[in-house]
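Text of query29.tsv, listed as TSV, C-alpha atoms:
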chain	number	residue	atom	x	y	z
A	11	ASP	CA	-63.68	-0.10	44.62
A	12	ASP	CA	-60.49	1.31	43.05
A	13	HIS	CA	-58.22	-0.57	45.46
A	14	LEU	CA	-56.96	-4.13	44.82
A	15	ASP	CA	-56.79	-6.69	47.56
A	16	ASP	CA	-53.53	-8.58	48.18
A	17	LYS	CA	-54.53	-11.66	46.18
A	18	GLU	CA	-55.47	-9.67	43.08
A	19	PHE	CA	-52.30	-7.60	43.35
A	20	GLU	CA	-50.13	-10.72	43.60
A	21	LYS	CA	-51.96	-12.24	40.64
A	22	ILE	CA	-51.29	-9.20	38.46
A	23	GLN	CA	-47.66	-9.03	39.54
A	24	GLY	CA	-47.25	-12.73	38.77
A	25	ALA	CA	-48.71	-12.25	35.28
A	26	ARG	CA	-46.36	-9.34	34.67
A	27	ALA	CA	-43.36	-11.37	35.80
A	28	ALA	CA	-44.37	-14.28	33.56
A	29	ALA	CA	-44.80	-11.98	30.58
A	30	LYS	CA	-41.41	-10.39	31.25
A	31	LYS	CA	-39.80	-13.83	31.50
A	32	ASP	CA	-41.41	-14.83	28.21
A	33	ARG	CA	-39.98	-11.73	26.55
A	34	VAL	CA	-36.52	-12.46	27.97
A	35	ASP	CA	-36.74	-16.07	26.84
A	36	GLU	CA	-37.89	-14.95	23.41
A	37	GLU	CA	-35.00	-12.47	23.10
A	38	GLU	CA	-32.52	-15.07	24.27
A	39	SER	CA	-33.86	-17.61	21.78
A	40	ARG	CA	-33.62	-15.05	19.00
A	41	ARG	CA	-30.05	-14.19	20.01
A	42	LEU	CA	-29.02	-17.85	20.08
A	43	LEU	CA	-30.69	-18.46	16.71
A	44	ASN	CA	-28.87	-15.51	15.14
A	45	ARG	CA	-25.61	-16.70	16.63
A	46	ARG	CA	-26.15	-20.20	15.26
A	47	ASN	CA	-26.99	-18.85	11.80
A	48	LYS	CA	-23.92	-16.63	11.90
A	49	HIS	CA	-21.68	-19.55	12.78
A	50	LYS	CA	-23.36	-21.62	10.11
A	51	ARG	CA	-22.65	-18.96	7.48
A	52	HIS	CA	-19.02	-18.77	8.60
A	53	ALA	CA	-18.72	-22.53	8.40
A	54	GLU	CA	-20.16	-22.50	4.88
A	55	ASP	CA	-17.75	-19.70	3.90
A	56	ASP	CA	-14.82	-21.67	5.32
A	57	GLU	CA	-15.65	-24.47	2.90
A	58	HIS	CA	-14.93	-22.11	-0.02
A	59	GLU	CA	-12.12	-19.95	1.40
A	60	PRO	CA	-8.73	-21.45	2.23
A	61	SER	CA	-7.59	-20.99	5.81
A	62	THR	CA	-4.01	-22.18	5.38
A	63	SER	CA	-0.95	-21.03	3.48
A	64	VAL	CA	-0.53	-21.82	-0.22
A	65	GLY	CA	2.51	-22.35	-2.39
A	66	LEU	CA	3.66	-23.33	-5.84
A	67	ASP	CA	6.80	-23.79	-7.93
A	68	LEU	CA	7.31	-22.02	-11.24
A	69	ARG	CA	10.15	-23.17	-13.47
A	70	PHE	CA	11.56	-21.31	-16.45
A	71	PRO	CA	13.44	-24.07	-18.31
A	72	PHE	CA	15.71	-21.98	-20.55
A	73	ALA	CA	15.99	-18.71	-18.66
A	74	ARG	CA	19.04	-17.74	-16.66
A	75	HIS	CA	17.87	-14.15	-16.10
A	76	LEU	CA	14.79	-13.40	-14.00
A	77	PHE	CA	13.46	-9.95	-13.13
A	78	GLY	CA	10.62	-8.46	-11.15
A	79	ILE	CA	8.88	-9.06	-7.79
A	80	PRO	CA	9.74	-5.53	-6.59
A	81	GLU	CA	10.48	-3.72	-4.33
A	82	HIS	CA	13.92	-4.70	-2.97
A	83	ALA	CA	17.23	-2.89	-2.59
A	84	SER	CA	19.05	-5.44	-4.70
A	85	SER	CA	20.20	-5.97	-8.26
A	86	HIS	CA	17.83	-5.74	-11.20
A	87	VAL	CA	18.47	-9.41	-12.00
A	88	LEU	CA	17.10	-11.68	-9.27
A	89	ARG	CA	19.85	-13.43	-7.32
A	90	PRO	CA	19.60	-17.08	-6.16
A	91	THR	CA	18.37	-17.60	-2.61
A	92	ARG	CA	19.05	-21.31	-2.25
A	93	GLY	CA	21.28	-24.05	-3.60
A	94	ASP	CA	24.94	-23.86	-4.56
A	95	GLY	CA	26.04	-20.30	-5.17
A	96	ALA	CA	23.10	-18.74	-3.32
A	97	HIS	CA	23.61	-15.00	-3.01
A	98	TYR	CA	21.05	-14.59	-0.21
A	99	ASN	CA	20.25	-16.77	2.77
A	100	ASP	CA	16.60	-15.72	2.82
A	101	PRO	CA	13.90	-15.63	0.12
A	102	TYR	CA	12.61	-12.41	-1.40
A	103	ARG	CA	9.82	-11.03	0.76
A	104	LEU	CA	6.73	-9.34	-0.71
A	105	TYR	CA	5.12	-7.18	1.98
A	106	ASN	CA	4.50	-3.43	2.06
A	107	LEU	CA	6.63	-1.77	4.73
A	108	ASP	CA	7.75	1.77	5.54
A	109	VAL	CA	11.42	1.00	6.24
A	110	PHE	CA	13.81	3.64	7.52
A	111	GLU	CA	17.50	3.08	6.74
A	112	TYR	CA	16.86	-0.20	4.92
A	113	GLU	CA	19.65	-2.63	4.12
A	114	LEU	CA	21.35	-2.62	0.73
A	115	ASP	CA	21.76	-5.77	-1.36
A	116	SER	CA	19.02	-7.53	0.58
A	117	PRO	CA	15.79	-9.41	-0.23
A	118	MET	CA	13.99	-7.69	2.68
A	119	ALA	CA	10.60	-6.11	1.98
A	120	LEU	CA	10.29	-2.39	1.22
A	121	TYR	CA	7.56	0.10	0.33
A	122	GLY	CA	5.77	-1.85	-2.40
A	123	SER	CA	5.22	-5.40	-3.56
A	124	VAL	CA	4.24	-6.60	-7.03
A	125	PRO	CA	3.98	-10.38	-7.52
A	126	LEU	CA	5.08	-10.23	-11.16
A	127	ILE	CA	8.12	-12.11	-12.41
A	128	VAL	CA	9.66	-11.94	-15.90
A	129	ALA	CA	12.14	-14.37	-17.49
A	130	HIS	CA	14.26	-13.79	-20.57
A	131	SER	CA	16.37	-16.12	-22.68
A	132	ALA	CA	17.66	-16.24	-26.23
A	133	ALA	CA	15.97	-19.61	-26.75
A	134	SER	CA	12.45	-18.83	-25.55
A	135	GLY	CA	12.26	-15.05	-25.63
A	136	THR	CA	10.53	-13.18	-22.81
A	137	VAL	CA	7.76	-14.69	-20.68
A	138	GLY	CA	6.22	-13.83	-17.35
A	139	ALA	CA	3.94	-14.90	-14.52
A	140	TYR	CA	1.62	-12.85	-12.33
A	141	VAL	CA	0.65	-14.50	-9.03
A	142	HIS	CA	-2.57	-12.77	-8.03
A	143	ASN	CA	-2.28	-13.07	-4.24
A	144	PRO	CA	-2.20	-9.98	-1.97
A	145	THR	CA	-1.01	-11.73	1.19
A	146	GLU	CA	2.54	-11.77	2.52
A	147	THR	CA	4.61	-13.90	0.15
A	148	PHE	CA	8.16	-15.27	0.09
A	149	VAL	CA	9.86	-16.21	-3.19
A	150	ASP	CA	12.90	-18.47	-3.46
A	151	VAL	CA	15.04	-18.43	-6.63
A	152	TRP	CA	17.56	-21.07	-7.66
A	153	SER	CA	19.29	-22.45	-10.75
A	154	GLN	CA	18.00	-25.74	-12.08
A	155	GLY	CA	19.61	-27.35	-15.11
A	156	ALA	CA	19.69	-24.91	-18.00
A	157	GLY	CA	16.99	-22.75	-16.43
A	158	THR	CA	15.80	-21.19	-13.19
A	159	SER	CA	13.13	-22.25	-10.70
A	160	THR	CA	11.11	-20.21	-8.22
A	161	ARG	CA	9.08	-21.21	-5.18
A	162	TRP	CA	6.21	-18.99	-4.02
A	163	MET	CA	4.95	-19.30	-0.44
A	164	SER	CA	1.96	-17.15	0.61
A	165	GLU	CA	0.39	-16.91	4.06
A	166	GLY	CA	-3.13	-17.32	2.67
A	167	GLY	CA	-5.39	-16.57	-0.25
A	168	ALA	CA	-5.87	-18.73	-3.31
A	169	LEU	CA	-3.76	-20.04	-6.17
A	170	ASP	CA	-4.64	-17.55	-8.88
A	171	ILE	CA	-1.91	-17.45	-11.53
A	172	PHE	CA	-1.69	-15.70	-14.89
A	173	LEU	CA	0.95	-16.94	-17.32
A	174	LEU	CA	2.20	-14.31	-19.76
A	175	PRO	CA	3.53	-16.04	-22.90
A	176	GLY	CA	5.20	-13.01	-24.50
A	177	PRO	CA	7.27	-13.82	-26.49
A	178	GLU	CA	8.70	-10.27	-26.56
A	179	ALA	CA	9.16	-7.94	-23.60
A	180	HIS	CA	6.60	-5.43	-24.90
A	181	ALA	CA	4.09	-8.26	-25.35
A	182	VAL	CA	4.54	-9.33	-21.70
A	183	SER	CA	3.91	-5.74	-20.61
A	184	ALA	CA	0.76	-5.57	-22.73
A	185	GLN	CA	-0.51	-8.90	-21.38
A	186	TYR	CA	0.11	-7.78	-17.80
A	187	GLY	CA	-1.64	-4.47	-18.48
A	188	ALA	CA	-4.65	-6.33	-19.89
A	189	ILE	CA	-5.02	-8.03	-16.49
A	190	THR	CA	-4.40	-5.16	-14.07
A	191	GLY	CA	-5.37	-2.17	-16.21
A	192	LEU	CA	-3.09	0.48	-17.63
A	193	PRO	CA	-1.84	3.50	-15.67
A	194	SER	CA	-3.02	6.97	-16.51
A	195	LEU	CA	-0.67	9.33	-18.31
A	196	PRO	CA	1.17	11.46	-15.72
A	197	PRO	CA	0.64	15.23	-15.66
A	198	MET	CA	3.39	17.24	-17.30
A	199	PHE	CA	4.78	18.60	-14.03
A	200	ALA	CA	5.36	15.05	-12.79
A	201	LEU	CA	8.06	14.61	-15.46
A	202	GLY	CA	10.18	17.39	-13.98
A	203	TYR	CA	12.55	17.44	-11.02
A	204	HIS	CA	11.00	16.64	-7.62
A	205	GLN	CA	12.73	17.85	-4.47
A	206	CYS	CA	11.98	15.89	-1.28
A	207	ARG	CA	13.52	14.90	2.02
A	208	TRP	CA	12.47	13.80	5.49
A	209	ASN	CA	11.74	16.42	6.68
A	210	TYR	CA	11.53	20.22	6.28
A	211	ARG	CA	11.36	21.68	9.78
A	212	ASP	CA	9.22	24.76	9.15
A	213	GLU	CA	8.28	27.43	6.61
A	214	ARG	CA	11.68	29.07	6.94
A	215	ASP	CA	13.39	25.81	6.07
A	216	VAL	CA	11.18	25.36	3.01
A	217	ASN	CA	11.84	28.92	1.85
A	218	THR	CA	15.59	28.45	2.32
A	219	VAL	CA	15.58	25.39	0.08
A	220	HIS	CA	13.47	27.17	-2.51
A	221	ASP	CA	15.65	30.29	-2.46
A	222	THR	CA	18.79	28.17	-2.83
A	223	PHE	CA	17.40	26.55	-5.96
A	224	GLU	CA	16.59	30.02	-7.28
A	225	SER	CA	20.04	31.40	-6.51
A	226	LEU	CA	21.65	28.49	-8.35
A	227	ASP	CA	19.22	28.90	-11.27
A	228	TYR	CA	18.33	25.23	-10.88
A	229	PRO	CA	14.74	24.55	-12.05
A	230	TYR	CA	12.47	22.21	-10.17
A	231	ASP	CA	8.76	21.48	-10.44
A	232	VAL	CA	7.70	19.96	-7.12
A	233	LEU	CA	8.79	20.35	-3.51
A	234	TRP	CA	7.34	17.60	-1.33
A	235	LEU	CA	6.66	17.89	2.40
A	236	ASP	CA	6.66	14.80	4.57
A	237	ILE	CA	4.10	14.13	7.30
A	238	GLU	CA	5.88	16.29	9.87
A	239	HIS	CA	4.17	19.42	8.48
A	240	THR	CA	0.84	18.19	9.86
A	241	ASP	CA	-0.80	18.71	13.23
A	242	GLY	CA	0.00	15.55	15.17
A	243	LYS	CA	0.54	13.52	11.99
A	244	ARG	CA	-3.10	13.97	11.00
A	245	TYR	CA	-3.60	14.19	7.25
A	246	PHE	CA	-5.09	17.34	5.70
A	247	THR	CA	-3.93	19.50	8.63
A	248	TRP	CA	-1.06	21.93	9.21
A	249	ASP	CA	1.12	22.54	12.25
A	250	LYS	CA	0.11	26.16	12.92
A	251	HIS	CA	3.31	26.90	14.85
A	252	LEU	CA	5.78	25.58	12.28
A	253	PHE	CA	3.71	26.42	9.19
A	254	PRO	CA	1.60	29.42	10.19
A	255	ASP	CA	0.75	30.57	6.64
A	256	PRO	CA	0.90	27.61	4.21
A	257	GLU	CA	-1.09	29.47	1.53
A	258	ARG	CA	1.49	32.26	1.37
A	259	MET	CA	4.31	29.71	1.32
A	260	GLN	CA	2.76	27.81	-1.59
A	261	LYS	CA	2.17	30.98	-3.58
A	262	LYS	CA	5.81	31.95	-3.17
A	263	ILE	CA	7.03	28.56	-4.35
A	264	GLY	CA	4.57	28.46	-7.23
A	265	THR	CA	5.63	31.82	-8.68
A	266	ARG	CA	9.12	32.45	-10.04
A	267	TRP	CA	10.46	35.73	-11.29
A	268	THR	CA	13.64	36.77	-13.04
A	269	GLN	CA	15.57	39.86	-11.98
A	270	ASP	CA	14.02	41.89	-14.79
A	271	GLY	CA	10.50	41.03	-13.63
A	272	HIS	CA	9.66	38.36	-16.21
A	273	HIS	CA	8.04	35.15	-15.11
A	274	ARG	CA	10.37	32.19	-15.49
A	275	ARG	CA	8.61	28.94	-16.35
A	276	SER	CA	9.77	25.42	-16.02
A	277	PRO	CA	10.05	23.73	-19.43
A	278	TYR	CA	7.22	21.43	-18.23
A	279	GLN	CA	4.85	24.23	-17.21
A	280	LYS	CA	2.12	25.06	-19.68
A	281	ARG	CA	2.28	28.52	-21.19
A	282	GLN	CA	-0.93	30.51	-21.03

Would you give me this structure, written as structure tokens?
Amino acid sequence: DDHLDDKEFEKIQGARAAAKKDRVDEEESRRLLNRRNKHKRHAEDDEHEPSTSVGLDLRFPFARHLFGIPEHASSHVLRPTRGDGAHYNDPYRLYNLDVFEYELDSPMALYGSVPLIVAHSAASGTVGAYVHNPTETFVDVWSQGAGTSTRWMSEGGALDIFLLPGPEAHAVSAQYGAITGLPSLPPMFALGYHQCRWNYRDERDVNTVHDTFESLDYPYDVLWLDIEHTDGKRYFTWDKHLFPDPERMQKKIGTRWTQDGHHRRSPYQKRQ
């Protein structure tokens, strides 16, 4: 007989339900086990990684002139931020920001931040310190005795400090380069004049600027466009309405001719 009676049908359905429940329980157990192991790994990682801010004081006993920790729209020599005669009420801030119309003579953060400080004195020569911490950092500067002290306060990370003994300025630069690596030599055109502003409205605007340079016989090597030339601020795209033929525009800017038909080269352009 191919037909099941009610009791057999209920028995099979009960077995299926039990098997399904076992699978659900097994999956839930596996999920809870993975979650526990994940939390365990995080707890073990927390034992090795600091979860609070860190700070330190660096004193330069004989140095009255400190430099570095860019980028700020302030003097080349670091000004005191605390104590008698403090020039600023706030510490220098190290944090990368795209700031429009930034304040002058201010320790506020700007486009870049390099946690490198250099001290110079006639007594001890030139020395430096590189605080290898990428998190947001504030640096106080104040006079102390015959020297200058600094206080570094970072939101996280570790205390990883490199002392650069110098004793000459070029030695400090070499020691810093040995830690971070040396920059590549720039291409020749990068040494020329770069024209840039925020922003060129369209191709016509770019051509007007280029033609004005030509009419004044003023050489330049690079004309930079800001992000407004893109389609919706998406990189590697062009606004087809404002810049309908960027290839033609670039060819025009890249080729310069004198009135007698000879190609005029920038002094930095390589002759073929």

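All residues of protein, DNA or RNA that reach within 10 Å of Ala200 in chain A, judged by all atoms listed in the file and not counting those fewer than 4 positions away in the chain, are Leu195, Pro196, His204, Asp231, Val232 and Tyr278 of chain A.
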
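Here the question is which of A:Trp152, A:Tyr98, A:Phe77, A:Tyr105 gets nearest to Ala139 in chain A using only C-alpha atoms, and that residue is A:Phe77.
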
So that I can see what lies close to range 88-92 of chain A, please list as a short mmCIF file (atom, residue, chain, number, x, y, z; two decimals) with C-alpha atoms, in the coordinates of the input the residues with an atom at most 7 Å from it, counting all atoms listed in the file and leaving out residues fewer than 2 positions away in the same chain.
data_model
loop_
_atom_site.label_atom_id
_atom_site.label_comp_id
_atom_site.auth_asym_id
_atom_site.auth_seq_id
_atom_site.Cartn_x
_atom_site.Cartn_y
_atom_site.Cartn_z
CA LEU A 76 14.79 -13.40 -14.00
CA PHE A 77 13.46 -9.95 -13.13
CA SER A 85 20.20 -5.97 -8.26
CA HIS A 86 17.83 -5.74 -11.20
CA ASP A 94 24.94 -23.86 -4.56
CA ALA A 96 23.10 -18.74 -3.32
CA HIS A 97 23.61 -15.00 -3.01
CA TYR A 98 21.05 -14.59 -0.21
CA ASN A 99 20.25 -16.77 2.77
CA ASP A 100 16.60 -15.72 2.82
CA PRO A 101 13.90 -15.63 0.12
CA ASP A 150 12.90 -18.47 -3.46
CA VAL A 151 15.04 -18.43 -6.63
CA TRP A 152 17.56 -21.07 -7.66
#

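Atom pair CA of Pro254 in chain A / CA of Glu213 in chain A: separated by 7.8 Å.
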
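Minimum atom-to-atom distances from A:Trp162, A:Tyr140, A:Phe199, A:Tyr210 to Tyr186 in chain A were compared using only C-alpha atoms, and the lowest value belongs to A:Tyr140.
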
Leaving out His130 in chain A and any residue of its chain fewer than 5 positions from it, which residues lie within 6 Å of it when counting all atoms listed in the file, given as a short mmCIF file (atom, residue, chain, number, x, y, z; two decimals) with C-alpha atoms, in the coordinates of the input?
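After the write, out-v9.cif holds the following:
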data_model
loop_
_atom_site.label_atom_id
_atom_site.label_comp_id
_atom_site.auth_asym_id
_atom_site.auth_seq_id
_atom_site.Cartn_x
_atom_site.Cartn_y
_atom_site.Cartn_z
CA ALA A 73 15.99 -18.71 -18.66
CA HIS A 75 17.87 -14.15 -16.10
CA GLY A 135 12.26 -15.05 -25.63
CA THR A 136 10.53 -13.18 -22.81
#

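Of note, CA of Ala132 in chain A and CA of Asp115 in chain A are spaced 27.3 Å apart.
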
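Interatomic distance, CA of Ala129 in chain A against CA of Ser153 in chain A: 12.7 Å.
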